[in-house]
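Listing of protein24.pdb; format and content: PDB, C-alpha atoms, pLDDT in the B column.
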MODEL        1
ATOM      1  CA  MET A   1     -25.231  80.895 -18.060  1.00 88.00           C
ATOM      2  CA  ASP A   2     -22.755  83.772 -17.786  1.00 94.00           C
ATOM      3  CA  TYR A   3     -22.507  84.797 -21.441  1.00 96.00           C
ATOM      4  CA  LYS A   4     -20.270  87.740 -20.590  1.00 96.00           C
ATOM      5  CA  PHE A   5     -17.685  85.172 -19.444  1.00 97.00           C
ATOM      6  CA  ILE A   6     -18.342  82.855 -22.398  1.00 97.00           C
ATOM      7  CA  VAL A   7     -17.585  85.502 -25.047  1.00 97.00           C
ATOM      8  CA  ARG A   8     -14.285  86.300 -23.303  1.00 97.00           C
ATOM      9  CA  THR A   9     -13.047  82.718 -23.703  1.00 98.00           C
ATOM     10  CA  PRO A  10     -10.680  81.885 -26.596  1.00 97.00           C
ATOM     11  CA  LEU A  11     -13.227  79.507 -28.159  1.00 97.00           C
ATOM     12  CA  PHE A  12     -16.008  82.095 -28.387  1.00 97.00           C
ATOM     13  CA  ALA A  13     -13.925  85.277 -28.658  1.00 96.00           C
ATOM     14  CA  GLY A  14     -15.380  87.717 -31.182  1.00 95.00           C
ATOM     15  CA  LEU A  15     -18.971  86.532 -30.812  1.00 96.00           C
ATOM     16  CA  SER A  16     -21.741  88.568 -29.257  1.00 95.00           C
ATOM     17  CA  GLU A  17     -23.575  87.184 -26.236  1.00 96.00           C
ATOM     18  CA  TYR A  18     -26.582  86.516 -28.483  1.00 95.00           C
ATOM     19  CA  GLU A  19     -24.445  84.583 -30.997  1.00 95.00           C
ATOM     20  CA  ALA A  20     -22.771  82.602 -28.215  1.00 96.00           C
ATOM     21  CA  GLU A  21     -26.143  81.680 -26.726  1.00 96.00           C
ATOM     22  CA  ILE A  22     -27.315  80.292 -30.079  1.00 95.00           C
ATOM     23  CA  MET A  23     -24.090  78.358 -30.570  1.00 95.00           C
ATOM     24  CA  LEU A  24     -24.141  76.838 -27.073  1.00 96.00           C
ATOM     25  CA  LYS A  25     -27.689  75.601 -27.579  1.00 95.00           C
ATOM     26  CA  TYR A  26     -26.733  74.102 -30.937  1.00 94.00           C
ATOM     27  CA  LEU A  27     -23.689  72.360 -29.415  1.00 96.00           C
ATOM     28  CA  GLY A  28     -25.836  70.846 -26.656  1.00 95.00           C
ATOM     29  CA  ALA A  29     -24.000  72.627 -23.848  1.00 97.00           C
ATOM     30  CA  SER A  30     -24.318  71.005 -20.418  1.00 97.00           C
ATOM     31  CA  GLU A  31     -22.642  72.032 -17.171  1.00 98.00           C
ATOM     32  CA  ARG A  32     -21.277  69.793 -14.416  1.00 98.00           C
ATOM     33  CA  GLU A  33     -19.314  70.384 -11.205  1.00 98.00           C
ATOM     34  CA  TYR A  34     -16.430  68.263  -9.887  1.00 98.00           C
ATOM     35  CA  SER A  35     -14.843  68.065  -6.462  1.00 98.00           C
ATOM     36  CA  ARG A  36     -11.058  68.177  -5.988  1.00 96.00           C
ATOM     37  CA  GLU A  37      -9.404  65.112  -7.587  1.00 95.00           C
ATOM     38  CA  GLY A  38     -12.640  64.230  -9.367  1.00 97.00           C
ATOM     39  CA  VAL A  39     -11.895  62.497 -12.674  1.00 97.00           C
ATOM     40  CA  ILE A  40     -13.542  64.211 -15.633  1.00 98.00           C
ATOM     41  CA  TYR A  41     -12.227  61.909 -18.368  1.00 97.00           C
ATOM     42  CA  TYR A  42     -10.402  58.582 -18.023  1.00 95.00           C
ATOM     43  CA  VAL A  43      -7.500  57.268 -20.085  1.00 93.00           C
ATOM     44  CA  GLY A  44      -8.872  54.916 -22.734  1.00 93.00           C
ATOM     45  CA  GLN A  45     -12.274  56.637 -22.760  1.00 96.00           C
ATOM     46  CA  LYS A  46     -13.747  57.572 -26.141  1.00 95.00           C
ATOM     47  CA  ILE A  47     -15.430  60.958 -26.040  1.00 95.00           C
ATOM     48  CA  ARG A  48     -17.471  63.266 -28.242  1.00 93.00           C
ATOM     49  CA  ARG A  49     -17.511  66.449 -26.160  1.00 96.00           C
ATOM     50  CA  LEU A  50     -14.729  68.842 -25.244  1.00 97.00           C
ATOM     51  CA  GLY A  51     -14.702  70.599 -21.901  1.00 98.00           C
ATOM     52  CA  LEU A  52     -14.702  74.367 -21.377  1.00 98.00           C
ATOM     53  CA  LEU A  53     -13.560  75.151 -17.841  1.00 98.00           C
ATOM     54  CA  LEU A  54     -15.871  77.677 -16.182  1.00 98.00           C
ATOM     55  CA  SER A  55     -14.164  77.781 -12.784  1.00 98.00           C
ATOM     56  CA  GLY A  56     -11.476  76.001 -10.787  1.00 97.00           C
ATOM     57  CA  GLY A  57      -8.507  74.223 -12.333  1.00 96.00           C
ATOM     58  CA  VAL A  58      -7.912  70.962 -14.191  1.00 96.00           C
ATOM     59  CA  ASN A  59      -4.811  68.825 -14.717  1.00 94.00           C
ATOM     60  CA  VAL A  60      -4.192  66.545 -17.686  1.00 94.00           C
ATOM     61  CA  VAL A  61      -2.324  63.576 -16.187  1.00 94.00           C
ATOM     62  CA  ARG A  62      -0.605  60.597 -17.789  1.00 89.00           C
ATOM     63  CA  THR A  63       0.046  57.600 -15.503  1.00 85.00           C
ATOM     64  CA  ASP A  64       2.278  54.658 -16.451  1.00 77.00           C
ATOM     65  CA  VAL A  65       1.664  51.002 -15.507  1.00 70.00           C
ATOM     66  CA  TRP A  66       3.751  51.454 -12.327  1.00 76.00           C
ATOM     67  CA  GLY A  67       1.605  54.350 -11.119  1.00 80.00           C
ATOM     68  CA  ASN A  68       4.085  57.138 -11.895  1.00 80.00           C
ATOM     69  CA  GLN A  69       2.277  60.319 -12.876  1.00 83.00           C
ATOM     70  CA  ASN A  70       3.279  63.008 -15.344  1.00 85.00           C
ATOM     71  CA  ILE A  71       1.228  66.200 -15.555  1.00 87.00           C
ATOM     72  CA  ILE A  72       1.022  67.072 -19.240  1.00 87.00           C
ATOM     73  CA  GLY A  73      -0.751  70.362 -18.691  1.00 86.00           C
ATOM     74  CA  HIS A  74      -2.907  72.535 -16.459  1.00 91.00           C
ATOM     75  CA  ILE A  75      -6.205  74.032 -17.646  1.00 95.00           C
ATOM     76  CA  MET A  76      -7.341  77.430 -16.373  1.00 95.00           C
ATOM     77  CA  PRO A  77     -10.873  78.939 -16.408  1.00 97.00           C
ATOM     78  CA  GLY A  78     -11.880  79.898 -19.943  1.00 97.00           C
ATOM     79  CA  GLU A  79      -9.640  77.259 -21.537  1.00 97.00           C
ATOM     80  CA  VAL A  80     -10.756  74.028 -23.182  1.00 97.00           C
ATOM     81  CA  PHE A  81      -9.526  70.456 -22.873  1.00 97.00           C
ATOM     82  CA  ALA A  82      -9.903  67.155 -24.763  1.00 95.00           C
ATOM     83  CA  GLU A  83     -10.603  69.147 -27.936  1.00 94.00           C
ATOM     84  CA  THR A  84      -8.385  66.891 -30.085  1.00 92.00           C
ATOM     85  CA  TYR A  85     -10.256  63.739 -29.044  1.00 94.00           C
ATOM     86  CA  ALA A  86     -13.642  65.431 -29.418  1.00 94.00           C
ATOM     87  CA  CYS A  87     -12.727  66.234 -33.033  1.00 90.00           C
ATOM     88  CA  ILE A  88     -11.624  62.648 -33.806  1.00 90.00           C
ATOM     89  CA  PRO A  89     -14.522  60.261 -33.043  1.00 82.00           C
ATOM     90  CA  GLY A  90     -13.379  56.876 -31.788  1.00 90.00           C
ATOM     91  CA  GLU A  91      -9.925  57.996 -30.652  1.00 93.00           C
ATOM     92  CA  ALA A  92      -9.265  56.864 -27.074  1.00 94.00           C
ATOM     93  CA  MET A  93      -8.038  59.343 -24.460  1.00 95.00           C
ATOM     94  CA  GLN A  94      -4.314  58.984 -23.764  1.00 92.00           C
ATOM     95  CA  ALA A  95      -4.470  60.698 -20.366  1.00 94.00           C
ATOM     96  CA  ASP A  96      -6.769  61.323 -17.422  1.00 96.00           C
ATOM     97  CA  VAL A  97      -8.346  64.733 -16.939  1.00 97.00           C
ATOM     98  CA  VAL A  98      -8.628  65.478 -13.214  1.00 97.00           C
ATOM     99  CA  ALA A  99      -9.973  68.446 -11.247  1.00 97.00           C
ATOM    100  CA  ALA A 100      -7.120  70.032  -9.288  1.00 94.00           C
ATOM    101  CA  VAL A 101      -9.636  71.970  -7.161  1.00 95.00           C
ATOM    102  CA  ARG A 102     -13.421  72.181  -7.102  1.00 97.00           C
ATOM    103  CA  SER A 103     -14.294  72.953 -10.717  1.00 98.00           C
ATOM    104  CA  ALA A 104     -17.224  73.607 -13.053  1.00 98.00           C
ATOM    105  CA  VAL A 105     -17.068  72.357 -16.638  1.00 98.00           C
ATOM    106  CA  LEU A 106     -19.233  73.124 -19.675  1.00 98.00           C
ATOM    107  CA  PHE A 107     -19.338  70.200 -22.130  1.00 98.00           C
ATOM    108  CA  LEU A 108     -19.819  70.893 -25.853  1.00 97.00           C
ATOM    109  CA  ASP A 109     -20.350  68.599 -28.839  1.00 95.00           C
ATOM    110  CA  ILE A 110     -17.823  70.591 -30.848  1.00 92.00           C
ATOM    111  CA  GLU A 111     -17.961  68.282 -33.876  1.00 89.00           C
ATOM    112  CA  ARG A 112     -21.383  69.740 -34.644  1.00 91.00           C
ATOM    113  CA  VAL A 113     -19.832  73.121 -35.408  1.00 91.00           C
ATOM    114  CA  MET A 114     -18.777  71.708 -38.789  1.00 83.00           C
ATOM    115  CA  ALA A 115     -22.219  70.370 -39.714  1.00 84.00           C
ATOM    116  CA  LYS A 116     -24.190  71.869 -42.597  1.00 82.00           C
ATOM    117  CA  ASP A 117     -27.179  72.895 -40.497  1.00 85.00           C
ATOM    118  CA  VAL A 118     -25.382  75.204 -38.063  1.00 85.00           C
ATOM    119  CA  PRO A 119     -27.423  78.425 -37.705  1.00 85.00           C
ATOM    120  CA  ALA A 120     -25.650  81.160 -39.655  1.00 86.00           C
ATOM    121  CA  GLU A 121     -26.275  83.663 -36.853  1.00 86.00           C
ATOM    122  CA  ALA A 122     -24.116  81.499 -34.566  1.00 84.00           C
ATOM    123  CA  ARG A 123     -21.106  82.350 -36.791  1.00 87.00           C
ATOM    124  CA  PRO A 124     -19.713  78.795 -36.978  1.00 91.00           C
ATOM    125  CA  GLU A 125     -16.818  79.852 -39.218  1.00 92.00           C
ATOM    126  CA  HIS A 126     -15.599  82.148 -36.434  1.00 93.00           C
ATOM    127  CA  VAL A 127     -15.721  79.369 -33.833  1.00 94.00           C
ATOM    128  CA  ILE A 128     -13.875  77.017 -36.215  1.00 94.00           C
ATOM    129  CA  ARG A 129     -11.153  79.637 -36.679  1.00 95.00           C
ATOM    130  CA  ASN A 130     -10.893  80.052 -32.901  1.00 96.00           C
ATOM    131  CA  LEU A 131     -10.639  76.274 -32.477  1.00 95.00           C
ATOM    132  CA  LEU A 132      -7.787  76.080 -34.992  1.00 95.00           C
ATOM    133  CA  THR A 133      -5.946  78.778 -33.049  1.00 95.00           C
ATOM    134  CA  ILE A 134      -6.460  76.849 -29.811  1.00 94.00           C
ATOM    135  CA  LEU A 135      -5.141  73.622 -31.370  1.00 93.00           C
ATOM    136  CA  ALA A 136      -2.061  75.454 -32.639  1.00 93.00           C
ATOM    137  CA  SER A 137      -1.506  76.992 -29.196  1.00 90.00           C
ATOM    138  CA  LYS A 138      -1.759  73.584 -27.520  1.00 87.00           C
ATOM    139  CA  ASN A 139       0.843  72.229 -29.933  1.00 88.00           C
ATOM    140  CA  LEU A 140       3.137  75.109 -28.972  1.00 88.00           C
ATOM    141  CA  TYR A 141       2.493  74.400 -25.269  1.00 82.00           C
ATOM    142  CA  LEU A 142       3.576  70.767 -25.672  1.00 84.00           C
ATOM    143  CA  THR A 143       6.704  71.904 -27.487  1.00 89.00           C
ATOM    144  CA  GLN A 144       7.505  74.248 -24.594  1.00 88.00           C
ATOM    145  CA  LYS A 145       7.021  71.445 -22.089  1.00 87.00           C
ATOM    146  CA  MET A 146       9.457  69.291 -24.055  1.00 90.00           C
ATOM    147  CA  ASN A 147      11.951  72.138 -23.713  1.00 93.00           C
ATOM    148  CA  HIS A 148      11.435  72.089 -19.919  1.00 94.00           C
ATOM    149  CA  ILE A 149      11.988  68.350 -19.433  1.00 92.00           C
ATOM    150  CA  THR A 150      14.789  67.885 -21.994  1.00 94.00           C
ATOM    151  CA  PRO A 151      17.602  69.318 -19.776  1.00 95.00           C
ATOM    152  CA  LYS A 152      19.390  66.670 -17.724  1.00 93.00           C
ATOM    153  CA  THR A 153      19.597  68.564 -14.439  1.00 96.00           C
ATOM    154  CA  ILE A 154      16.751  69.476 -12.121  1.00 97.00           C
ATOM    155  CA  ARG A 155      17.968  73.067 -11.854  1.00 96.00           C
ATOM    156  CA  GLU A 156      17.892  73.539 -15.614  1.00 96.00           C
ATOM    157  CA  ARG A 157      14.324  72.233 -15.727  1.00 96.00           C
ATOM    158  CA  ILE A 158      13.235  74.555 -12.927  1.00 97.00           C
ATOM    159  CA  LEU A 159      14.898  77.567 -14.548  1.00 96.00           C
ATOM    160  CA  SER A 160      13.395  76.749 -17.937  1.00 95.00           C
ATOM    161  CA  TYR A 161       9.866  76.535 -16.536  1.00 95.00           C
ATOM    162  CA  LEU A 162      10.044  79.535 -14.193  1.00 96.00           C
ATOM    163  CA  SER A 163      11.703  81.680 -16.864  1.00 94.00           C
ATOM    164  CA  GLN A 164       8.903  80.935 -19.305  1.00 92.00           C
ATOM    165  CA  GLU A 165       6.275  81.718 -16.664  1.00 94.00           C
ATOM    166  CA  ALA A 166       8.002  85.037 -15.869  1.00 95.00           C
ATOM    167  CA  VAL A 167       7.884  85.960 -19.560  1.00 93.00           C
ATOM    168  CA  ARG A 168       4.270  84.812 -19.909  1.00 90.00           C
ATOM    169  CA  GLN A 169       3.105  86.685 -16.798  1.00 94.00           C
ATOM    170  CA  GLY A 170       5.266  89.725 -17.567  1.00 95.00           C
ATOM    171  CA  ARG A 171       6.897  89.951 -14.145  1.00 95.00           C
ATOM    172  CA  ARG A 172       9.428  88.279 -11.842  1.00 95.00           C
ATOM    173  CA  ASN A 173       6.890  87.748  -9.043  1.00 96.00           C
ATOM    174  CA  ILE A 174       4.884  84.835 -10.389  1.00 97.00           C
ATOM    175  CA  THR A 175       2.262  82.354  -9.273  1.00 96.00           C
ATOM    176  CA  ILE A 176       2.303  78.887 -10.799  1.00 95.00           C
ATOM    177  CA  PRO A 177      -0.734  76.547 -10.984  1.00 90.00           C
ATOM    178  CA  PHE A 178       1.027  73.579  -9.340  1.00 91.00           C
ATOM    179  CA  ASN A 179       1.732  72.463  -5.790  1.00 92.00           C
ATOM    180  CA  ARG A 180       5.135  70.902  -5.117  1.00 94.00           C
ATOM    181  CA  GLN A 181       4.154  67.339  -6.068  1.00 92.00           C
ATOM    182  CA  GLN A 182       2.393  68.530  -9.221  1.00 91.00           C
ATOM    183  CA  LEU A 183       5.405  70.612 -10.238  1.00 94.00           C
ATOM    184  CA  ALA A 184       7.637  67.568  -9.751  1.00 94.00           C
ATOM    185  CA  ASP A 185       5.262  65.504 -11.898  1.00 89.00           C
ATOM    186  CA  TYR A 186       5.168  68.219 -14.568  1.00 91.00           C
ATOM    187  CA  LEU A 187       8.965  68.440 -14.738  1.00 94.00           C
ATOM    188  CA  SER A 188       9.320  64.639 -14.468  1.00 90.00           C
ATOM    189  CA  VAL A 189      11.563  64.752 -11.388  1.00 94.00           C
ATOM    190  CA  ASP A 190      11.478  63.365  -7.848  1.00 94.00           C
ATOM    191  CA  ARG A 191       9.609  65.616  -5.394  1.00 95.00           C
ATOM    192  CA  SER A 192      12.256  65.516  -2.649  1.00 97.00           C
ATOM    193  CA  ALA A 193      15.005  66.227  -5.177  1.00 97.00           C
ATOM    194  CA  LEU A 194      12.972  69.149  -6.545  1.00 97.00           C
ATOM    195  CA  SER A 195      12.417  70.579  -3.054  1.00 97.00           C
ATOM    196  CA  GLY A 196      16.113  70.209  -2.267  1.00 97.00           C
ATOM    197  CA  GLU A 197      17.151  72.019  -5.433  1.00 97.00           C
ATOM    198  CA  LEU A 198      14.678  74.843  -4.806  1.00 97.00           C
ATOM    199  CA  SER A 199      16.109  75.290  -1.306  1.00 97.00           C
ATOM    200  CA  LYS A 200      19.634  75.466  -2.747  1.00 97.00           C
ATOM    201  CA  MET A 201      18.558  78.052  -5.295  1.00 96.00           C
ATOM    202  CA  GLN A 202      16.933  80.148  -2.575  1.00 96.00           C
ATOM    203  CA  LYS A 203      20.083  80.044  -0.427  1.00 96.00           C
ATOM    204  CA  GLU A 204      22.136  81.108  -3.455  1.00 95.00           C
ATOM    205  CA  GLY A 205      19.884  84.128  -3.977  1.00 94.00           C
ATOM    206  CA  LEU A 206      18.414  82.989  -7.286  1.00 95.00           C
ATOM    207  CA  LEU A 207      14.813  83.021  -6.112  1.00 96.00           C
ATOM    208  CA  LEU A 208      12.399  83.233  -3.215  1.00 96.00           C
ATOM    209  CA  PHE A 209       9.406  80.977  -2.906  1.00 96.00           C
ATOM    210  CA  LYS A 210       6.435  80.218  -0.696  1.00 95.00           C
ATOM    211  CA  LYS A 211       4.149  77.408  -1.782  1.00 93.00           C
ATOM    212  CA  ASN A 212       3.278  78.192  -5.425  1.00 95.00           C
ATOM    213  CA  GLN A 213       4.517  81.807  -5.402  1.00 96.00           C
ATOM    214  CA  PHE A 214       8.002  82.591  -6.710  1.00 97.00           C
ATOM    215  CA  GLU A 215      10.139  85.693  -7.022  1.00 96.00           C
ATOM    216  CA  LEU A 216      13.036  85.390  -9.468  1.00 95.00           C
ATOM    217  CA  LEU A 217      16.192  87.217  -8.345  1.00 93.00           C
ATOM    218  CA  GLY A 218      19.430  88.096 -10.161  1.00 73.00           C
ATOM    219  CA  ASP A 219      21.080  85.868 -12.736  1.00 63.00           C
ATOM    220  CA  ALA A 220      20.968  82.096 -12.666  1.00 51.00           C
ATOM    221  CA  ALA A 221      24.252  80.492 -11.735  1.00 42.00           C
ATOM    222  CA  SER A 222      25.634  77.619 -13.749  1.00 39.00           C
ATOM    223  CA  PRO A 223      22.924  74.964 -13.536  1.00 41.00           C
ATOM    224  CA  HIS A 224      23.589  71.859 -11.547  1.00 42.00           C
ATOM    225  CA  SER A 225      21.356  69.311  -9.811  1.00 41.00           C
TER
ENDMDL
END
Same coordinates, now as structure tokens:
Amino acid sequence: MDYKFIVRTPLFAGLSEYEAEIMLKYLGASEREYSREGVIYYVGQKIRRLGLLLSGGVNVVRTDVWGNQNIIGHIMPGEVFAETYACIPGEAMQADVVAAVRSAVLFLDIERVMAKDVPAEARPEHVIRNLLTILASKNLYLTQKMNHITPKTIRERILSYLSQEAVRQGRRNITIPFNRQQLADYLSVDRSALSGELSKMQKEGLLLFKKNQFELLGDAASPHS
């Protein structure tokens, strides 16, 4: 186990490698690898363990009865997923969790962090505080996504998402974690319509793009789809 990586993750930030090792053993940590498009958790599944992504990338996907997919979020290495369901025993998953690329996941029985017999040297109160921060951040993320898909036009949705990513990454040359179909699913728009709008925006000098890399140029014109 790479404890140097573990203590840099939001869940274990502030712990020493020794403290993290104790906590992982107490939480019954187990590692598993998934190939691209491998399903980690299924909708309707009842779980007890959250996932900490060690490498790769993971999408949280909601699919309706007609097969239409909506990507709720993308998980990067060091981030956790399914933490809400792991903290509420018996609550069924409302989305699938799928590996976007070959990925390694560390599973943790996070509910045990609140038990009375947690070793004091594992600093459980610190992990609990980190978990609360993560839950609050996820709530903010969902609010931001709602802001992206609320606009009526495709251009407004694209601008909302790319603008936020530029602010988050601190530059106008950005890389997003989605391919074109995944971006369309995330923004809840048709893929061909999304590609058409991106081409228009590039011709108008608003941006340049190649696959999942974008460079934002000048001011956005009046949005239209």
Selected residue, from A:Gln144, A:Gln182, A:Thr150, A:Gln213, that lies nearest to Gln164 of chain A when counting only C-alpha atoms: A:Gln144
Output of the PyMOL selection byres ((chain A and resi 119) around 12), listed as a list of chain:residue names: A:Glu19, A:Ala20, A:Glu21, A:Ile22, A:Met23, A:Leu24, A:Lys25, A:Tyr26, A:Leu27, A:Arg112, A:Val113, A:Met114, A:Ala115, A:Lys116, A:Asp117, A:Val118, A:Ala120, A:Glu121, A:Ala122, A:Arg123, A:Pro124, A:Glu125
For the selection just defined, write its residues with C-alpha atoms to a file, as a CSV table (one decimal), in the frame of the given file.
chain,number,residue,atom,x,y,z
A,19,GLU,CA,-24.4,84.6,-31.0
A,20,ALA,CA,-22.8,82.6,-28.2
A,21,GLU,CA,-26.1,81.7,-26.7
A,22,ILE,CA,-27.3,80.3,-30.1
A,23,MET,CA,-24.1,78.4,-30.6
A,24,LEU,CA,-24.1,76.8,-27.1
A,25,LYS,CA,-27.7,75.6,-27.6
A,26,TYR,CA,-26.7,74.1,-30.9
A,27,LEU,CA,-23.7,72.4,-29.4
A,112,ARG,CA,-21.4,69.7,-34.6
A,113,VAL,CA,-19.8,73.1,-35.4
A,114,MET,CA,-18.8,71.7,-38.8
A,115,ALA,CA,-22.2,70.4,-39.7
A,116,LYS,CA,-24.2,71.9,-42.6
A,117,ASP,CA,-27.2,72.9,-40.5
A,118,VAL,CA,-25.4,75.2,-38.1
A,120,ALA,CA,-25.6,81.2,-39.7
A,121,GLU,CA,-26.3,83.7,-36.9
A,122,ALA,CA,-24.1,81.5,-34.6
A,123,ARG,CA,-21.1,82.4,-36.8
A,124,PRO,CA,-19.7,78.8,-37.0
A,125,GLU,CA,-16.8,79.9,-39.2
Would you list the contacts of Ile149 of chain A as a list in words, taking every protein, DNA or RNA residue within 10 Å and counting only C-alpha atoms, but skipping same-chain residues closer than 6 positions in sequence?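 Here the qualifying residues turn out to be Glu156, Arg157, Ile158, Ser160, Tyr161, Tyr186, Leu187, Ser188 and Val189 of chain A.
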For atom CA of Leu15 of chain A and atom CA of Leu132 of chain A, determine how far apart the two atoms are, in Å to one decimal place. 15.9 Å
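Note that atom CA of Asn212 of chain A and atom CA of Val167 of chain A are 16.8 Å apart.
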With the cut-off set at 12 Å and counting all atoms listed in the file, tabulate each residue of segment 117-213 of chain A with an atom at most that distance from an atom of segment 54-58 of chain A, showing the nearest atom pair and its distance in Å to one decimal, ordered by chain and increasing number, as CSV.
residue,atom,partner,partner_atom,distance
A:Ile176,CA,A:Gly57,CA,11.9
A:Pro177,CA,A:Gly57,CA,8.2
A:Phe178,CA,A:Gly57,CA,10.0
A:Gln182,CA,A:Val58,CA,11.7
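Between atom CA of Ile40 of chain A and atom CA of Val105 of chain A the separation is 8.9 Å.
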Name all residues at most 12 Å from Ile6 of chain A (count only C-alpha atoms; drop same-chain ones fewer than 2 positions away) and give them as JSON, numbers by chain. {"A": [1, 2, 3, 4, 8, 9, 10, 11, 12, 13, 14, 15, 16, 17, 18, 19, 20, 21, 23, 24, 29, 52, 53, 54, 55, 77, 78, 79, 80, 106]}
Run the PyMOL selection byres ((chain A and resi 45-50) around 7) mentally over the shown coordinates, then write out the matched residues as a PyMOL selection string, using the chain letters and numbers from the document. chain A and resi 41-44+51-52+80-83+85-86+89-93+107-110
Can you pull out every residue within 12 Å of Leu206 of chain A, counting all atoms listed in the file, but drop anything in the same chain fewer than 2 positions away, and send it as a PyMOL selection string? chain A and resi 155+158-159+162-163+172+197-204+208-209+214-223
I need the residue nearest Arg102 of chain A from this list: A:Arg180, A:Arg191, A:Arg32, A:Arg129. Use only C-alpha atoms for the distance.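 Ranked by minimum distance to Arg102 of chain A, first place goes to A:Arg32.
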For the file shown, what are the residues hit by the PyMOL selection byres ((chain A and resi 60) around 9), laid out as a PyMOL selection string? chain A and resi 58-59+61-62+70-75+81+95-99
For segment 204-210 of chain A of the structure just presented, write all heavy atoms to a file, as a PDB file, in the first residue's frame.
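Result saved to selection24.pdb:
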ATOM      1  N   GLU A 204     -16.436  30.798 -34.301  1.00  0.00           N
ATOM      2  CA  GLU A 204     -16.677  32.164 -33.829  1.00  0.00           C
ATOM      3  C   GLU A 204     -15.539  32.686 -32.962  1.00  0.00           C
ATOM      4  O   GLU A 204     -15.576  33.826 -32.483  1.00  0.00           O
ATOM      5  CB  GLU A 204     -17.990  32.229 -33.052  1.00  0.00           C
ATOM      6  CG  GLU A 204     -19.218  31.957 -33.922  1.00  0.00           C
ATOM      7  CD  GLU A 204     -20.490  31.823 -33.100  1.00  0.00           C
ATOM      8  OE1 GLU A 204     -20.504  32.290 -31.936  1.00  0.00           O
ATOM      9  OE2 GLU A 204     -21.464  31.250 -33.612  1.00  0.00           O
ATOM     10  N   GLY A 205     -14.515  31.858 -32.735  1.00  0.00           N
ATOM     11  CA  GLY A 205     -13.360  32.303 -31.972  1.00  0.00           C
ATOM     12  C   GLY A 205     -13.557  32.319 -30.472  1.00  0.00           C
ATOM     13  O   GLY A 205     -12.814  32.995 -29.751  1.00  0.00           O
ATOM     14  N   LEU A 206     -14.532  31.563 -29.979  1.00  0.00           N
ATOM     15  CA  LEU A 206     -14.768  31.510 -28.537  1.00  0.00           C
ATOM     16  C   LEU A 206     -13.858  30.504 -27.847  1.00  0.00           C
ATOM     17  O   LEU A 206     -13.504  30.673 -26.684  1.00  0.00           O
ATOM     18  CB  LEU A 206     -16.233  31.153 -28.250  1.00  0.00           C
ATOM     19  CG  LEU A 206     -17.273  32.167 -28.705  1.00  0.00           C
ATOM     20  CD1 LEU A 206     -18.668  31.659 -28.386  1.00  0.00           C
ATOM     21  CD2 LEU A 206     -17.032  33.510 -28.036  1.00  0.00           C
ATOM     22  N   LEU A 207     -13.492  29.455 -28.582  1.00  0.00           N
ATOM     23  CA  LEU A 207     -12.657  28.414 -27.986  1.00  0.00           C
ATOM     24  C   LEU A 207     -11.989  27.587 -29.073  1.00  0.00           C
ATOM     25  O   LEU A 207     -12.366  27.638 -30.240  1.00  0.00           O
ATOM     26  CB  LEU A 207     -13.486  27.516 -27.061  1.00  0.00           C
ATOM     27  CG  LEU A 207     -14.771  26.883 -27.605  1.00  0.00           C
ATOM     28  CD1 LEU A 207     -14.493  25.690 -28.505  1.00  0.00           C
ATOM     29  CD2 LEU A 207     -15.686  26.444 -26.464  1.00  0.00           C
ATOM     30  N   LEU A 208     -10.985  26.831 -28.640  1.00  0.00           N
ATOM     31  CA  LEU A 208     -10.344  25.819 -29.465  1.00  0.00           C
ATOM     32  C   LEU A 208     -10.454  24.509 -28.704  1.00  0.00           C
ATOM     33  O   LEU A 208     -10.403  24.502 -27.470  1.00  0.00           O
ATOM     34  CB  LEU A 208      -8.870  26.160 -29.709  1.00  0.00           C
ATOM     35  CG  LEU A 208      -8.559  27.438 -30.490  1.00  0.00           C
ATOM     36  CD1 LEU A 208      -7.055  27.695 -30.487  1.00  0.00           C
ATOM     37  CD2 LEU A 208      -9.090  27.346 -31.917  1.00  0.00           C
ATOM     38  N   PHE A 209     -10.611  23.420 -29.424  1.00  0.00           N
ATOM     39  CA  PHE A 209     -10.679  22.150 -28.718  1.00  0.00           C
ATOM     40  C   PHE A 209     -10.128  21.016 -29.559  1.00  0.00           C
ATOM     41  O   PHE A 209     -10.150  21.048 -30.791  1.00  0.00           O
ATOM     42  CB  PHE A 209     -12.127  21.825 -28.302  1.00  0.00           C
ATOM     43  CG  PHE A 209     -13.066  21.569 -29.450  1.00  0.00           C
ATOM     44  CD1 PHE A 209     -13.225  20.288 -29.975  1.00  0.00           C
ATOM     45  CD2 PHE A 209     -13.804  22.609 -30.009  1.00  0.00           C
ATOM     46  CE1 PHE A 209     -14.100  20.050 -31.025  1.00  0.00           C
ATOM     47  CE2 PHE A 209     -14.681  22.374 -31.061  1.00  0.00           C
ATOM     48  CZ  PHE A 209     -14.825  21.094 -31.571  1.00  0.00           C
ATOM     49  N   LYS A 210      -9.591  20.028 -28.857  1.00  0.00           N
ATOM     50  CA  LYS A 210      -9.138  18.780 -29.470  1.00  0.00           C
ATOM     51  C   LYS A 210      -9.385  17.690 -28.446  1.00  0.00           C
ATOM     52  O   LYS A 210      -8.783  17.685 -27.377  1.00  0.00           O
ATOM     53  CB  LYS A 210      -7.649  18.842 -29.833  1.00  0.00           C
ATOM     54  CG  LYS A 210      -7.155  17.569 -30.516  1.00  0.00           C
ATOM     55  CD  LYS A 210      -5.684  17.674 -30.906  1.00  0.00           C
ATOM     56  CE  LYS A 210      -5.226  16.403 -31.616  1.00  0.00           C
ATOM     57  NZ  LYS A 210      -3.795  16.483 -31.982  1.00  0.00           N
TER      58      LYS A 210
END
